[in-house]
file data-v9.txt (compact mmCIF, C-alpha atoms)
# COMPACT_ATOMS: atom_id res chain seq x y z
CA MET A 1 0.00 0.00 0.00
CA LEU A 2 3.03 2.29 0.27
CA ASN A 3 3.38 2.81 -3.48
CA LYS A 4 -0.17 3.50 -4.53
CA ASN A 5 -0.85 4.30 -8.16
CA PRO A 6 -2.81 7.59 -8.43
CA LEU A 7 -4.29 6.48 -11.77
CA ILE A 8 -6.27 3.73 -10.06
CA LYS A 9 -9.80 4.94 -9.39
CA PRO A 10 -13.39 3.81 -10.10
CA TYR A 11 -14.04 3.28 -13.80
CA LEU A 12 -17.83 3.35 -13.32
CA LYS A 13 -20.31 5.70 -11.70
CA TRP A 14 -22.16 3.87 -8.94
CA ALA A 15 -25.00 4.73 -6.59
CA GLY A 16 -23.64 4.90 -3.05
CA GLY A 17 -20.03 5.23 -4.18
CA LYS A 18 -17.66 5.91 -1.30
CA ARG A 19 -15.26 8.50 -2.71
CA GLN A 20 -16.64 11.21 -0.43
CA LEU A 21 -16.42 9.02 2.66
CA LEU A 22 -12.86 7.85 2.05
CA PRO A 23 -11.29 10.40 4.46
CA GLU A 24 -13.61 9.19 7.24
CA ILE A 25 -12.96 5.54 6.41
CA ARG A 26 -9.19 6.06 6.37
CA LYS A 27 -9.30 7.65 9.83
CA LEU A 28 -10.98 4.55 11.26
CA LEU A 29 -8.79 1.87 9.71
CA PRO A 30 -6.50 0.07 12.18
CA ALA A 31 -2.76 0.67 11.97
CA SER A 32 -2.28 -2.97 10.99
CA ILE A 33 -4.48 -2.67 7.87
CA GLY A 34 -1.51 -3.19 5.52
CA LYS A 35 -0.92 -6.65 6.99
CA LEU A 36 -4.55 -7.79 6.70
CA THR A 37 -6.48 -9.34 3.82
CA TRP A 38 -9.09 -6.85 2.64
CA TYR A 39 -12.60 -8.28 2.16
CA GLU A 40 -15.24 -6.24 0.36
CA PRO A 41 -18.48 -8.23 -0.14
CA PHE A 42 -20.31 -5.31 -1.84
CA VAL A 43 -17.50 -3.90 -3.95
CA GLY A 44 -19.59 -1.76 -6.32
CA ALA A 45 -17.36 0.63 -8.23
CA GLY A 46 -14.45 -0.15 -5.90
CA ALA A 47 -13.77 3.31 -4.46
CA ALA A 48 -12.42 1.94 -1.17
CA LEU A 49 -10.50 -0.90 -2.83
CA PHE A 50 -8.84 1.39 -5.37
CA ASP A 51 -8.03 3.98 -2.73
CA LEU A 52 -6.42 1.46 -0.38
CA GLN A 53 -4.91 -0.80 -3.10
CA PRO A 54 -4.29 -3.75 -0.76
CA GLU A 55 -1.86 -6.46 -1.79
CA GLN A 56 -4.34 -9.16 -0.76
CA ALA A 57 -8.08 -8.78 -1.23
CA VAL A 58 -11.28 -10.71 -1.76
CA ILE A 59 -13.90 -8.65 -3.57
CA ASN A 60 -17.47 -9.66 -4.35
CA ASP A 61 -20.76 -8.38 -5.67
CA ARG A 62 -24.08 -10.05 -6.48
CA ASN A 63 -24.30 -8.00 -9.67
CA SER A 64 -22.96 -10.43 -12.27
CA ASP A 65 -22.68 -7.75 -14.98
CA LEU A 66 -20.55 -5.60 -12.69
CA ILE A 67 -18.26 -8.47 -11.70
CA MET A 68 -17.91 -9.40 -15.37
CA THR A 69 -16.33 -5.98 -16.00
CA TYR A 70 -13.77 -6.54 -13.23
CA ARG A 71 -12.84 -9.94 -14.66
CA VAL A 72 -12.59 -8.60 -18.19
CA ILE A 73 -10.32 -5.77 -17.04
CA GLN A 74 -8.18 -8.32 -15.24
CA ASN A 75 -8.02 -10.92 -18.01
CA ASN A 76 -8.89 -9.30 -21.37
CA ILE A 77 -7.84 -5.67 -21.26
CA GLU A 78 -6.88 -5.40 -24.94
CA GLU A 79 -10.20 -6.86 -26.11
CA LEU A 80 -12.08 -4.52 -23.80
CA LEU A 81 -10.24 -1.43 -25.03
CA ALA A 82 -10.89 -2.42 -28.65
CA ALA A 83 -14.59 -2.91 -27.89
CA LEU A 84 -14.80 0.44 -26.09
CA GLU A 85 -13.33 2.27 -29.09
CA PHE A 86 -16.54 1.40 -30.95
CA TYR A 87 -18.49 3.62 -28.52
CA GLN A 88 -16.23 6.66 -28.59
CA GLY A 89 -18.11 9.77 -29.74
CA LYS A 90 -21.45 7.95 -30.01
CA TYR A 91 -23.47 9.90 -27.50
CA GLU A 92 -26.83 9.97 -29.25
CA ARG A 93 -30.31 9.12 -27.99
CA SER A 94 -31.39 6.56 -30.59
CA PHE A 95 -28.02 4.80 -30.48
CA TYR A 96 -28.20 4.67 -26.66
CA TYR A 97 -31.58 2.92 -26.75
CA GLU A 98 -30.36 0.47 -29.37
CA VAL A 99 -27.45 -0.45 -27.12
CA ARG A 100 -29.67 -0.60 -24.04
CA ALA A 101 -32.02 -3.05 -25.80
CA LEU A 102 -29.25 -5.50 -26.72
CA ASP A 103 -29.67 -7.64 -23.61
CA ARG A 104 -33.26 -8.35 -24.65
CA ALA A 105 -32.16 -9.82 -27.99
CA GLU A 106 -30.93 -13.32 -28.83
CA ALA A 107 -27.76 -11.86 -30.34
CA TYR A 108 -26.68 -10.72 -26.87
CA HIS A 109 -25.82 -14.31 -25.94
CA ASP A 110 -23.32 -14.42 -28.83
CA MET A 111 -21.43 -11.36 -27.61
CA THR A 112 -18.10 -11.88 -25.86
CA ASP A 113 -17.68 -10.85 -22.24
CA SER A 114 -15.42 -8.02 -23.42
CA GLU A 115 -18.20 -6.72 -25.70
CA LYS A 116 -20.75 -7.02 -22.89
CA ALA A 117 -18.44 -5.21 -20.48
CA ALA A 118 -17.86 -2.40 -22.99
CA ARG A 119 -21.61 -2.08 -23.43
CA LEU A 120 -22.15 -1.78 -19.69
CA ILE A 121 -19.43 0.85 -19.35
CA TYR A 122 -20.94 2.84 -22.23
CA LEU A 123 -24.44 2.70 -20.72
CA ASN A 124 -23.11 3.64 -17.30
CA LYS A 125 -21.36 6.74 -18.64
CA THR A 126 -24.27 7.90 -20.83
CA CYS A 127 -27.41 6.93 -18.90
CA TYR A 128 -29.43 9.30 -16.73
CA ASN A 129 -27.56 10.38 -13.60
CA GLY A 130 -25.08 7.49 -13.80
CA LEU A 131 -27.51 4.97 -12.35
CA TYR A 132 -27.35 1.21 -12.61
CA ARG A 133 -30.93 -0.02 -12.31
CA VAL A 134 -32.73 -3.09 -13.59
CA ASN A 135 -36.38 -4.05 -13.86
CA LYS A 136 -37.94 -7.21 -12.41
CA GLY A 137 -36.75 -9.14 -15.44
CA GLY A 138 -33.16 -8.11 -14.75
CA PHE A 139 -32.94 -5.83 -17.80
CA PHE A 140 -31.17 -2.47 -17.60
CA ASN A 141 -33.87 0.22 -17.82
CA VAL A 142 -32.28 3.60 -17.05
CA PRO A 143 -33.22 6.34 -19.58
CA PHE A 144 -30.85 8.41 -21.71
CA GLY A 145 -28.70 10.89 -19.79
CA ARG A 146 -28.23 14.64 -20.02
CA TYR A 147 -24.59 15.37 -20.79
CA SER A 148 -22.75 17.50 -23.31
CA ASN A 149 -19.80 15.28 -24.18
CA PRO A 150 -19.38 12.40 -21.72
CA ALA A 151 -16.07 10.54 -21.51
CA ILE A 152 -16.83 6.88 -22.12
CA PHE A 153 -13.56 5.52 -20.72
CA GLU A 154 -10.01 6.45 -19.73
CA GLU A 155 -7.49 4.00 -21.15
CA PRO A 156 -4.71 4.84 -18.63
CA VAL A 157 -7.11 4.17 -15.75
CA LEU A 158 -8.25 0.82 -17.14
CA ARG A 159 -4.66 -0.25 -17.82
CA ALA A 160 -3.62 0.76 -14.29
CA ILE A 161 -6.47 -1.27 -12.80
CA HIS A 162 -5.51 -4.21 -15.01
CA CYS A 163 -1.94 -4.08 -13.68
CA TYR A 164 -3.13 -3.78 -10.07
CA LEU A 165 -5.47 -6.77 -10.34
CA ASN A 166 -2.72 -8.89 -11.85
CA SER A 167 0.26 -7.86 -9.73
CA ASN A 168 -1.49 -8.51 -6.42
CA SER A 169 -3.46 -11.37 -4.89
CA ILE A 170 -7.00 -10.25 -5.73
CA THR A 171 -9.82 -12.82 -5.67
CA ILE A 172 -12.98 -11.75 -7.55
CA LEU A 173 -16.25 -13.41 -6.53
CA ASN A 174 -19.84 -13.15 -7.72
CA GLY A 175 -22.14 -14.45 -5.01
CA ASP A 176 -23.82 -13.86 -1.68
CA PHE A 177 -22.11 -11.56 0.81
CA ALA A 178 -22.18 -14.23 3.55
CA GLU A 179 -20.37 -16.71 1.29
CA ALA A 180 -17.81 -14.06 0.33
CA VAL A 181 -16.58 -13.64 3.93
CA LYS A 182 -16.73 -17.28 5.06
CA ASN A 183 -12.91 -17.56 5.12
CA ALA A 184 -12.26 -14.25 6.88
CA ASP A 185 -10.29 -14.60 10.12
CA GLU A 186 -8.32 -12.51 12.61
CA HIS A 187 -5.85 -11.67 9.83
CA SER A 188 -8.63 -10.10 7.74
CA PHE A 189 -10.49 -6.81 7.56
CA VAL A 190 -14.04 -6.75 6.19
CA TYR A 191 -15.64 -3.60 4.80
CA PHE A 192 -19.39 -3.90 4.22
CA ASP A 193 -20.97 -1.31 1.95
CA PRO A 194 -24.42 -2.77 1.21
CA PRO A 195 -27.26 -1.13 -0.69
CA TYR A 196 -28.36 1.49 1.81
CA HIS A 197 -31.52 1.19 3.87
CA PRO A 198 -33.92 3.76 2.34
CA PHE A 199 -35.03 6.84 4.24
CA LYS A 200 -38.41 6.39 2.57
CA LYS A 201 -40.23 3.32 1.28
CA SER A 202 -39.55 4.45 -2.29
CA GLY A 203 -35.79 4.57 -1.70
CA PHE A 204 -33.59 3.24 -4.48
CA THR A 205 -32.12 -0.26 -3.88
CA ALA A 206 -32.51 -1.91 -7.30
CA TYR A 207 -28.85 -2.60 -8.04
CA GLN A 208 -29.97 -6.01 -9.23
CA ALA A 209 -33.31 -7.78 -9.55
CA GLY A 210 -34.61 -8.63 -6.09
CA GLY A 211 -33.35 -5.57 -4.22
CA PHE A 212 -31.98 -5.50 -0.66
CA GLY A 213 -34.76 -5.17 1.91
CA GLU A 214 -34.91 -5.17 5.71
CA ASP A 215 -34.67 -8.96 5.89
CA GLU A 216 -31.33 -8.73 4.08
CA GLN A 217 -30.20 -5.88 6.33
CA THR A 218 -30.99 -8.08 9.34
CA ARG A 219 -29.13 -11.04 7.83
CA LEU A 220 -26.15 -8.74 7.22
CA ARG A 221 -26.24 -7.65 10.88
CA ASP A 222 -26.18 -11.32 11.89
CA ILE A 223 -23.07 -11.91 9.75
CA PHE A 224 -21.48 -8.79 11.27
CA ARG A 225 -22.11 -10.26 14.74
CA GLU A 226 -20.77 -13.67 13.71
CA LEU A 227 -17.55 -12.14 12.36
CA THR A 228 -17.18 -10.10 15.55
CA GLU A 229 -17.38 -13.28 17.61
CA ARG A 230 -14.70 -14.82 15.35
CA GLY A 231 -12.35 -11.91 16.02
CA VAL A 232 -12.61 -10.38 12.53
CA SER A 233 -12.35 -6.58 12.33
CA CYS A 234 -15.32 -5.15 10.41
CA LEU A 235 -16.48 -1.74 9.23
CA LEU A 236 -19.92 -1.12 7.76
CA SER A 237 -21.46 1.93 6.10
CA ASN A 238 -25.19 2.57 5.75
CA SER A 239 -27.81 5.27 5.93
CA ASP A 240 -28.53 6.82 9.31
CA THR A 241 -32.03 5.48 9.91
CA PRO A 242 -33.75 4.21 13.07
CA CYS A 243 -33.79 0.73 11.52
CA ILE A 244 -30.02 0.60 11.03
CA ARG A 245 -29.21 2.13 14.41
CA GLY A 246 -31.60 -0.35 16.02
CA LEU A 247 -30.02 -3.34 14.29
CA TYR A 248 -26.53 -2.42 15.52
CA GLN A 249 -27.36 -1.51 19.11
CA ASP A 250 -24.65 -3.68 20.60
CA LYS A 251 -22.06 -2.61 23.18
CA ARG A 252 -19.34 -4.16 21.00
CA PHE A 253 -20.13 -1.79 18.11
CA GLY A 254 -19.28 1.86 17.65
CA ILE A 255 -21.71 3.94 15.55
CA ILE A 256 -20.30 7.13 14.02
CA GLY A 257 -22.76 9.53 12.39
CA ILE A 258 -21.57 11.45 9.34
CA SER A 259 -23.06 13.31 6.38
CA ALA A 260 -22.33 13.05 2.67
CA ASN A 261 -23.57 14.55 -0.57
CA ARG A 262 -25.25 12.03 -2.86
CA ALA A 263 -25.45 12.92 -6.56
CA ILE A 264 -26.47 9.50 -7.94
CA ASN A 265 -30.04 8.58 -7.06
CA SER A 266 -33.20 7.77 -8.98
CA ALA A 267 -35.17 10.54 -7.30
CA ALA A 268 -34.22 14.17 -6.75
CA GLY A 269 -35.29 13.85 -3.10
CA GLY A 270 -32.53 11.30 -2.57
CA ARG A 271 -29.79 13.64 -3.77
CA GLY A 272 -27.93 16.17 -1.69
CA LYS A 273 -26.58 15.95 1.88
CA ILE A 274 -27.87 12.93 3.80
CA GLY A 275 -27.08 11.27 7.12
CA GLU A 276 -24.94 8.14 7.07
CA VAL A 277 -23.29 5.95 9.65
CA LEU A 278 -20.01 4.06 9.86
CA ILE A 279 -20.21 1.10 12.26
CA LYS A 280 -17.09 -0.62 13.58
CA ASN A 281 -16.60 -3.64 15.83
CA TRP A 282 -13.17 -2.96 17.36
CA SER A 283 -11.89 -0.54 20.00

call {"tool": "encode", "arguments": {"input": "data-v9.txt", "output": "structure tokens"}}
result
Amino acid sequence: MLNKNPLIKPYLKWAGGKRQLLPEIRKLLPASIGKLTWYEPFVGAGAALFDLQPEQAVINDRNSDLIMTYRVIQNNIEELLAALEFYQGKYERSFYYEVRALDRAEAYHDMTDSEKAARLIYLNKTCYNGLYRVNKGGFFNVPFGRYSNPAIFEEPVLRAIHCYLNSNSITILNGDFAEAVKNADEHSFVYFDPPYHPFKKSGFTAYQAGGFGEDEQTRLRDIFRELTERGVSCLLSNSDTPCIRGLYQDKRFGIIGISANRAINSAAGGRGKIGEVLIKNWS
């Protein structure tokens, strides 16, 4: 972690991204963090991972399209860059909707993972407000964005991420968060950044079909407790709601209230400065 590459940063926009909270997260990390294996079961756009750049990490997300992009960057960078070149300068409404509709067509199954990853990156950079949202059928359904000349990708950034993923021990998983941390021990550090509990019933949680409701938040709390009992250091971020504070009312946990500006949300009421919490399980 001593020789961090400043080019390494998130290559996607992502709801709930942690770039604003990184200073607060850094302040809480234990001094021994460089000797621990970093676990991130809800990696999203990887803001914390790319900021810390650990030598050993296990990253995971249930979103299979998202994880596909990580694996393509790791294993097929040249194919990805060639596929992304096709999208350069093609910020146009009708073209956007043609690309968005590809996953509903039979031809989509014949596309390579590199082509699918390039498509997702293009949609992410040109869709409305940078959202990733799917309908009940699992199809991307965010409308066309409002930009003047969006940058689709940055080749130096993608190449730097490719080098990082290949020059360190980084395991990339695509499964349930509980399964992702099953091997964590006292030599590990787990950072949980789940889909946030909504302030209102209409809050945005549709990162993938199925959402992340209160039952899942409770199951996550149970895993947090289990890891605590196993001696694993854990940090969790979430919205500052009575539900979340109630779930983590445990003398072993510290709850730190903070505020952050949120620009990526499906509703205007969910953008702006909101209350969040960081919850840790060590002294």

call {"tool": "atom_distance", "arguments": {"input": "data-v9.txt", "atom1": "atom CA of A:Leu28", "atom2": "atom CA of A:Asp176"}}
result
25.9 Å

call {"tool": "residues_near_point", "arguments": {"input": "data-v9.txt", "point": "(-8.9, -7.0, -24.0)", "cutoff": "12 Å", "atoms": "only C-alpha atoms", "output": "list in words"}}
result
Thr69, Tyr70, Arg71, Val72, Ile73, Gln74, Asn75, Asn76, Ile77, Glu78, Glu79, Leu80, Leu81, Ala82, Ala83, Leu84, Glu85, Thr112, Asp113, Ser114, Glu115, Lys116, Ala117, Ala118, Glu155, Leu158, Arg159 and His162 of chain A

call {"tool": "atom_distance", "arguments": {"input": "data-v9.txt", "atom1": "atom CA of A:Gly213", "atom2": "atom CA of A:Cys234"}}
result
21.2 Å

call {"tool": "closest_residue", "arguments": {"input": "data-v9.txt", "among": "A:Tyr248, A:Tyr164, A:Tyr147, A:Phe177", "to": "A:Tyr91", "atoms": "all atoms listed in the file"}}
result
A:Tyr147

call {"tool": "residues_around", "arguments": {"input": "data-v9.txt", "residues": "A:Lys125", "least_positions_apart": "6", "cutoff": "12 Å", "atoms": "only C-alpha atoms", "output": "list in words"}}
result
Tyr11, Leu12, Lys13, Trp14, Leu84, Tyr87, Gln88, Gly89, Lys90, Tyr91, Tyr96, Ala118, Arg119, Leu131, Tyr132, Val142, Pro143, Phe144, Gly145, Arg146, Tyr147, Ser148, Asn149, Pro150, Ala151, Ile152, Phe153 and Glu154 of chain A

call {"tool": "residues_around", "arguments": {"input": "data-v9.txt", "residues": "stretch 22-25 of chain A", "least_positions_apart": "5", "cutoff": "12 Å", "atoms": "only C-alpha atoms", "output": "PyMOL selection string"}}
result
chain A and resi 17+30+33+46-52+191-193+234-237+256-260+276-280

call {"tool": "decode", "arguments": {"input": "data-v9.txt", "residues": "stretch 148-167 of chain A", "atoms": "C-alpha atoms", "output": "mmCIF file, in the first residue's frame"}}
result
data_model
loop_
_atom_site.group_PDB
_atom_site.id
_atom_site.type_symbol
_atom_site.label_atom_id
_atom_site.label_comp_id
_atom_site.auth_asym_id
_atom_site.auth_seq_id
_atom_site.Cartn_x
_atom_site.Cartn_y
_atom_site.Cartn_z
ATOM 1 C CA SER A 148 -22.753 17.503 -23.307
ATOM 2 C CA ASN A 149 -19.801 15.282 -24.182
ATOM 3 C CA PRO A 150 -19.377 12.400 -21.722
ATOM 4 C CA ALA A 151 -16.071 10.541 -21.511
ATOM 5 C CA ILE A 152 -16.832 6.877 -22.123
ATOM 6 C CA PHE A 153 -13.559 5.519 -20.719
ATOM 7 C CA GLU A 154 -10.009 6.448 -19.730
ATOM 8 C CA GLU A 155 -7.485 4.002 -21.151
ATOM 9 C CA PRO A 156 -4.707 4.838 -18.629
ATOM 10 C CA VAL A 157 -7.113 4.167 -15.749
ATOM 11 C CA LEU A 158 -8.250 0.823 -17.135
ATOM 12 C CA ARG A 159 -4.657 -0.249 -17.819
ATOM 13 C CA ALA A 160 -3.617 0.758 -14.293
ATOM 14 C CA ILE A 161 -6.473 -1.269 -12.795
ATOM 15 C CA HIS A 162 -5.508 -4.214 -15.010
ATOM 16 C CA CYS A 163 -1.943 -4.078 -13.678
ATOM 17 C CA TYR A 164 -3.132 -3.777 -10.071
ATOM 18 C CA LEU A 165 -5.473 -6.773 -10.335
ATOM 19 C CA ASN A 166 -2.721 -8.893 -11.854
ATOM 20 C CA SER A 167 0.257 -7.858 -9.730
#
